[in-house]
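See below for the structure under consideration.
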Amino acid sequence: MTAVLLLNGISGFLVDDLPEVDSLQFKRLCYSLANYSNGKFLSFEEPHVSQNFYKAELGLHNESIFILLNSSYPFIGFASSVQNYEIEFIDHSLSNIVCVFNDVFRVLSAIALNQQLALDERTLTVLNENSLNEAELRQIFHWKPKTVGDVIFNFWD
């Protein structure tokens, strides 16, 4: 049985009492990882009005990898591509990368992030196990995300 990922406030809507994630530690780990792997730290982006996650881009072994951190919960996801409304979630093959983040954050697998989001249009409910709040449910039925990862790492405004 997997743990519930769609927690109250995960989407960034109506999150008054949630602790903030440690973005400075996230950024430091990304820098360290780039150096350790003989890669490059290419960019860092903070959450903003239409993005609920931190995004670091690293150049590792002649490819770009994106490391995402949800702004409300210490959940990390890896992606090969991040563009408005579309993220290609992946599992990174370098186990040392996952270990670095697992000490502080929870690394989510591509299987978990790519899990189909089951919506019941008739009752306006999410059938996947969740504790989402009413504002989040309204946003979900407005934006119509396809996967669990599309809720956890979203571009809604």
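Ordering of the structure tokens sets the chain letters (A, B, ...), residue numbers begin anew at 1 in every chain, and ligands are numbered from 1 in the order given.
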Problem - 9 Å contact set for range 47-60 of chain A, only C-alpha atoms, chain neighbours under 2 positions out, as number ranges by chain - result: A: 10-12, 23, 26-27, 30-31, 33-34, 37-45, 62-72, 82, 84, 152-157
Problem - Backbone DSSP call of strand (DSSP E) for range 2-73 of chain A, listed as a list in words - result: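 Going through range 2-73 of chain A, the strand (DSSP E) residues come out as Lys40, Phe41, Leu42, Ser43, Phe44, Glu45, Phe53, Tyr54, Lys55, Ala56, Glu57, Leu58, Gly59, Leu60, Glu63, Ser64, Ile65, Phe66, Ile67, Leu68, Leu69 and Asn70 of chain A.
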Please produce an output containing N, CA, C and O atoms for each residue in the selection, written as an mmCIF file, in the first residue's frame.
data_model
loop_
_atom_site.group_PDB
_atom_site.id
_atom_site.type_symbol
_atom_site.label_atom_id
_atom_site.label_comp_id
_atom_site.auth_asym_id
_atom_site.auth_seq_id
_atom_site.Cartn_x
_atom_site.Cartn_y
_atom_site.Cartn_z
ATOM 1 N N LYS A 40 26.847 20.485 -14.198
ATOM 2 C CA LYS A 40 26.695 21.928 -14.057
ATOM 3 C C LYS A 40 25.329 22.246 -13.481
ATOM 4 O O LYS A 40 24.329 21.618 -13.836
ATOM 5 N N PHE A 41 25.315 23.232 -12.602
ATOM 6 C CA PHE A 41 24.060 23.769 -12.085
ATOM 7 C C PHE A 41 23.637 24.832 -13.090
ATOM 8 O O PHE A 41 24.272 25.869 -13.215
ATOM 9 N N LEU A 42 22.586 24.575 -13.855
ATOM 10 C CA LEU A 42 22.217 25.452 -14.970
ATOM 11 C C LEU A 42 21.240 26.553 -14.586
ATOM 12 O O LEU A 42 21.363 27.679 -15.073
ATOM 13 N N SER A 43 20.256 26.240 -13.736
ATOM 14 C CA SER A 43 19.283 27.275 -13.367
ATOM 15 C C SER A 43 18.515 26.870 -12.120
ATOM 16 O O SER A 43 18.474 25.692 -11.749
ATOM 17 N N PHE A 44 17.915 27.870 -11.491
ATOM 18 C CA PHE A 44 17.081 27.656 -10.315
ATOM 19 C C PHE A 44 15.908 28.616 -10.392
ATOM 20 O O PHE A 44 16.091 29.796 -10.658
ATOM 21 N N GLU A 45 14.719 28.085 -10.184
ATOM 22 C CA GLU A 45 13.510 28.910 -10.263
ATOM 23 C C GLU A 45 12.661 28.682 -9.025
ATOM 24 O O GLU A 45 12.433 27.548 -8.619
ATOM 25 N N PHE A 53 6.086 25.078 -7.374
ATOM 26 C CA PHE A 53 7.257 24.278 -7.035
ATOM 27 C C PHE A 53 8.555 25.017 -7.377
ATOM 28 O O PHE A 53 8.571 25.925 -8.199
ATOM 29 N N TYR A 54 9.620 24.575 -6.697
ATOM 30 C CA TYR A 54 10.977 25.018 -7.012
ATOM 31 C C TYR A 54 11.470 24.125 -8.137
ATOM 32 O O TYR A 54 11.147 22.935 -8.180
ATOM 33 N N LYS A 55 12.287 24.694 -9.003
ATOM 34 C CA LYS A 55 12.808 23.910 -10.132
ATOM 35 C C LYS A 55 14.293 24.197 -10.300
ATOM 36 O O LYS A 55 14.700 25.334 -10.472
ATOM 37 N N ALA A 56 15.092 23.144 -10.221
ATOM 38 C CA ALA A 56 16.526 23.250 -10.485
ATOM 39 C C ALA A 56 16.820 22.456 -11.750
ATOM 40 O O ALA A 56 16.278 21.362 -11.943
ATOM 41 N N GLU A 57 17.651 23.031 -12.602
ATOM 42 C CA GLU A 57 18.069 22.317 -13.810
ATOM 43 C C GLU A 57 19.558 22.043 -13.702
ATOM 44 O O GLU A 57 20.362 22.956 -13.485
ATOM 45 N N LEU A 58 19.921 20.776 -13.847
ATOM 46 C CA LEU A 58 21.318 20.369 -13.804
ATOM 47 C C LEU A 58 21.701 19.771 -15.148
ATOM 48 O O LEU A 58 20.896 19.100 -15.790
ATOM 49 N N GLY A 59 22.927 20.015 -15.547
ATOM 50 C CA GLY A 59 23.484 19.355 -16.724
ATOM 51 C C GLY A 59 24.363 18.218 -16.246
ATOM 52 O O GLY A 59 25.404 18.461 -15.638
ATOM 53 N N LEU A 60 23.921 16.999 -16.468
ATOM 54 C CA LEU A 60 24.661 15.815 -16.023
ATOM 55 C C LEU A 60 24.853 14.867 -17.198
ATOM 56 O O LEU A 60 23.880 14.476 -17.848
ATOM 57 N N GLU A 63 23.193 15.630 -20.585
ATOM 58 C CA GLU A 63 21.736 15.764 -20.630
ATOM 59 C C GLU A 63 21.278 16.683 -19.504
ATOM 60 O O GLU A 63 21.961 16.838 -18.499
ATOM 61 N N SER A 64 20.143 17.305 -19.713
ATOM 62 C CA SER A 64 19.550 18.129 -18.659
ATOM 63 C C SER A 64 18.609 17.278 -17.835
ATOM 64 O O SER A 64 17.888 16.435 -18.365
ATOM 65 N N ILE A 65 18.647 17.512 -16.543
ATOM 66 C CA ILE A 65 17.697 16.867 -15.647
ATOM 67 C C ILE A 65 17.105 17.975 -14.784
ATOM 68 O O ILE A 65 17.811 18.904 -14.373
ATOM 69 N N PHE A 66 15.816 17.881 -14.554
ATOM 70 C CA PHE A 66 15.131 18.852 -13.717
ATOM 71 C C PHE A 66 14.788 18.175 -12.397
ATOM 72 O O PHE A 66 14.316 17.041 -12.382
ATOM 73 N N ILE A 67 15.046 18.892 -11.306
ATOM 74 C CA ILE A 67 14.707 18.393 -9.983
ATOM 75 C C ILE A 67 13.683 19.372 -9.422
ATOM 76 O O ILE A 67 13.934 20.581 -9.358
ATOM 77 N N LEU A 68 12.530 18.848 -9.056
ATOM 78 C CA LEU A 68 11.409 19.678 -8.617
ATOM 79 C C LEU A 68 11.141 19.441 -7.138
ATOM 80 O O LEU A 68 11.215 18.314 -6.656
ATOM 81 N N LEU A 69 10.821 20.515 -6.423
ATOM 82 C CA LEU A 69 10.468 20.444 -5.007
ATOM 83 C C LEU A 69 9.141 21.155 -4.814
ATOM 84 O O LEU A 69 9.019 22.340 -5.131
ATOM 85 N N ASN A 70 8.141 20.440 -4.311
ATOM 86 C CA ASN A 70 6.843 21.046 -4.026
ATOM 87 C C ASN A 70 7.031 22.147 -2.984
ATOM 88 O O ASN A 70 7.838 21.999 -2.068
#
Exercise for the section: Mind checking which residues fall within 9 Å of Leu6 in chain A, counting only C-alpha atoms, ignoring those fewer than 4 positions away in the same chain, and posting them as a VMD selection string? Expected result: chain A and resid 10 to 11 128 to 132 148 151 to 152
Just to be explicit: take each residue in the selection above, keep C-alpha atoms, and write the result as a compact mmCIF listing (two decimals), in the first residue's frame.
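Final output, saved to part.txt:
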# COMPACT_ATOMS: atom_id res chain seq x y z
CA ILE A 10 -0.23 19.97 -1.93
CA SER A 11 -1.43 21.99 -4.93
CA ASN A 128 -7.49 8.65 -5.80
CA GLU A 129 -6.86 8.56 -2.06
CA ASN A 130 -6.53 12.17 -0.92
CA SER A 131 -7.11 14.82 1.74
CA LEU A 132 -7.39 17.74 -0.70
CA VAL A 148 -1.02 12.78 -9.56
CA VAL A 151 -1.39 18.13 -9.03
CA ILE A 152 1.77 17.97 -6.91
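Each of A:Asn8, A:Thr125, A:Asp120, A:Ile111 was checked against Tyr73 in chain A using only C-alpha atoms; the smallest atom-to-atom distance is that of A:Asn8.
Comparing the minimum interatomic distances between Val4 in chain A and each of A:Lys144, A:Leu113, A:Thr123, A:Asp150, counting only C-alpha atoms, we find that A:Leu113 sits nearest.
Here the residues within range 17-126 of chain A that DSSP labels alpha helix (DSSP H) on the basis of the backbone are A:Ser23, A:Leu24, A:Gln25, A:Phe26, A:Lys27, A:Arg28, A:Leu29, A:Cys30, A:Tyr31, A:Ser32, A:Leu33, A:Ala34, A:Asn35, A:Tyr36, A:Ser95, A:Asn96, A:Ile97, A:Val98, A:Cys99, A:Val100, A:Phe101, A:Asn102, A:Ala110, A:Ile111, A:Ala112, A:Leu113.
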Exercise for the section: Excluding Phe13 in chain A and residues on its chain fewer than 4 positions from it, collect all residues at most 8 Å away from it, counting only C-alpha atoms, and give them as a list in words. Expected result: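 So the residues in contact are Gly9, Ala135 and Glu136 of chain A.
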Practice task
Identify, on the basis of only C-alpha atoms, every residue whose closest approach to Leu127 in chain A does not exceed 10 Å; exclude the query and any residue fewer than 5 positions from it along the same chain; express the result as a PyMOL selection string.
Solution key: chain A and resi 117-120
Restricting the output to N, CA, C and O atoms, write the selected residues as a PDB file, in the first residue's frame.
ATOM      1  N   LEU A 117      -4.884  10.313 -12.623  1.00  0.00           N
ATOM      2  CA  LEU A 117      -5.788  10.964 -11.686  1.00  0.00           C
ATOM      3  C   LEU A 117      -7.212  10.568 -12.073  1.00  0.00           C
ATOM      4  O   LEU A 117      -7.626  10.762 -13.220  1.00  0.00           O
ATOM      5  N   ALA A 118      -7.932   9.991 -11.141  1.00  0.00           N
ATOM      6  CA  ALA A 118      -9.299   9.530 -11.405  1.00  0.00           C
ATOM      7  C   ALA A 118     -10.286  10.562 -10.872  1.00  0.00           C
ATOM      8  O   ALA A 118     -10.351  10.802  -9.666  1.00  0.00           O
ATOM      9  N   LEU A 119     -11.037  11.171 -11.780  1.00  0.00           N
ATOM     10  CA  LEU A 119     -11.991  12.207 -11.418  1.00  0.00           C
ATOM     11  C   LEU A 119     -13.415  11.729 -11.665  1.00  0.00           C
ATOM     12  O   LEU A 119     -13.686  11.102 -12.685  1.00  0.00           O
ATOM     13  N   ASP A 120     -14.301  12.052 -10.745  1.00  0.00           N
ATOM     14  CA  ASP A 120     -15.723  11.779 -10.932  1.00  0.00           C
ATOM     15  C   ASP A 120     -16.401  13.116 -11.198  1.00  0.00           C
ATOM     16  O   ASP A 120     -16.636  13.897 -10.275  1.00  0.00           O
TER      17      ASP A 120
END
Using 10 Å as the limit and counting only C-alpha atoms, can you tabulate each residue of range 15-59 of chain A that touches range 104-107 of chain A, with its shortest atom-to-atom distance in Å and the two atoms involved, as CSV?
residue,atom,partner,partner_atom,distance
A:Val21,CA,A:Phe105,CA,9.1
A:Asp22,CA,A:Val104,CA,9.2
A:Gln25,CA,A:Val104,CA,8.7
A:Phe26,CA,A:Phe105,CA,8.6
A:Leu29,CA,A:Val104,CA,9.7
Restricted to C-alpha atoms, what would the selected residues look like written as a PDB file, in the first residue's frame?
ATOM      1  CA  VAL A  21      10.001  23.520   2.705  1.00  0.00           C
ATOM      2  CA  ASP A  22      13.714  24.208   3.112  1.00  0.00           C
ATOM      3  CA  GLN A  25      18.899  23.270   1.604  1.00  0.00           C
ATOM      4  CA  PHE A  26      17.316  22.047  -1.659  1.00  0.00           C
ATOM      5  CA  LEU A  29      21.964  19.888  -2.436  1.00  0.00           C
TER       6      LEU A  29
END
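The nearest approach to Ala112 in chain A among the residues A:Val126, A:Gly77, A:Arg28, A:Gln83, with only C-alpha atoms taken into account, belongs to A:Gly77.
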Handout entry: Gap from CA of Tyr36 in chain A to CA of Ala110 in chain A - Å, one decimal
Key = 23.7 Å
Practice task
Name all residues at most 7 Å from Ile90 in chain A (count only C-alpha atoms; drop same-chain ones fewer than 5 positions away) and give them as JSON, numbers by chain.
Solution key: {"A": [78, 79, 80, 110]}
Handout entry: Distance of CA of Phe89 in chain A from CA of Ser109 in chain A, expressed in Å to one decimal place
Key = 8.3 Å
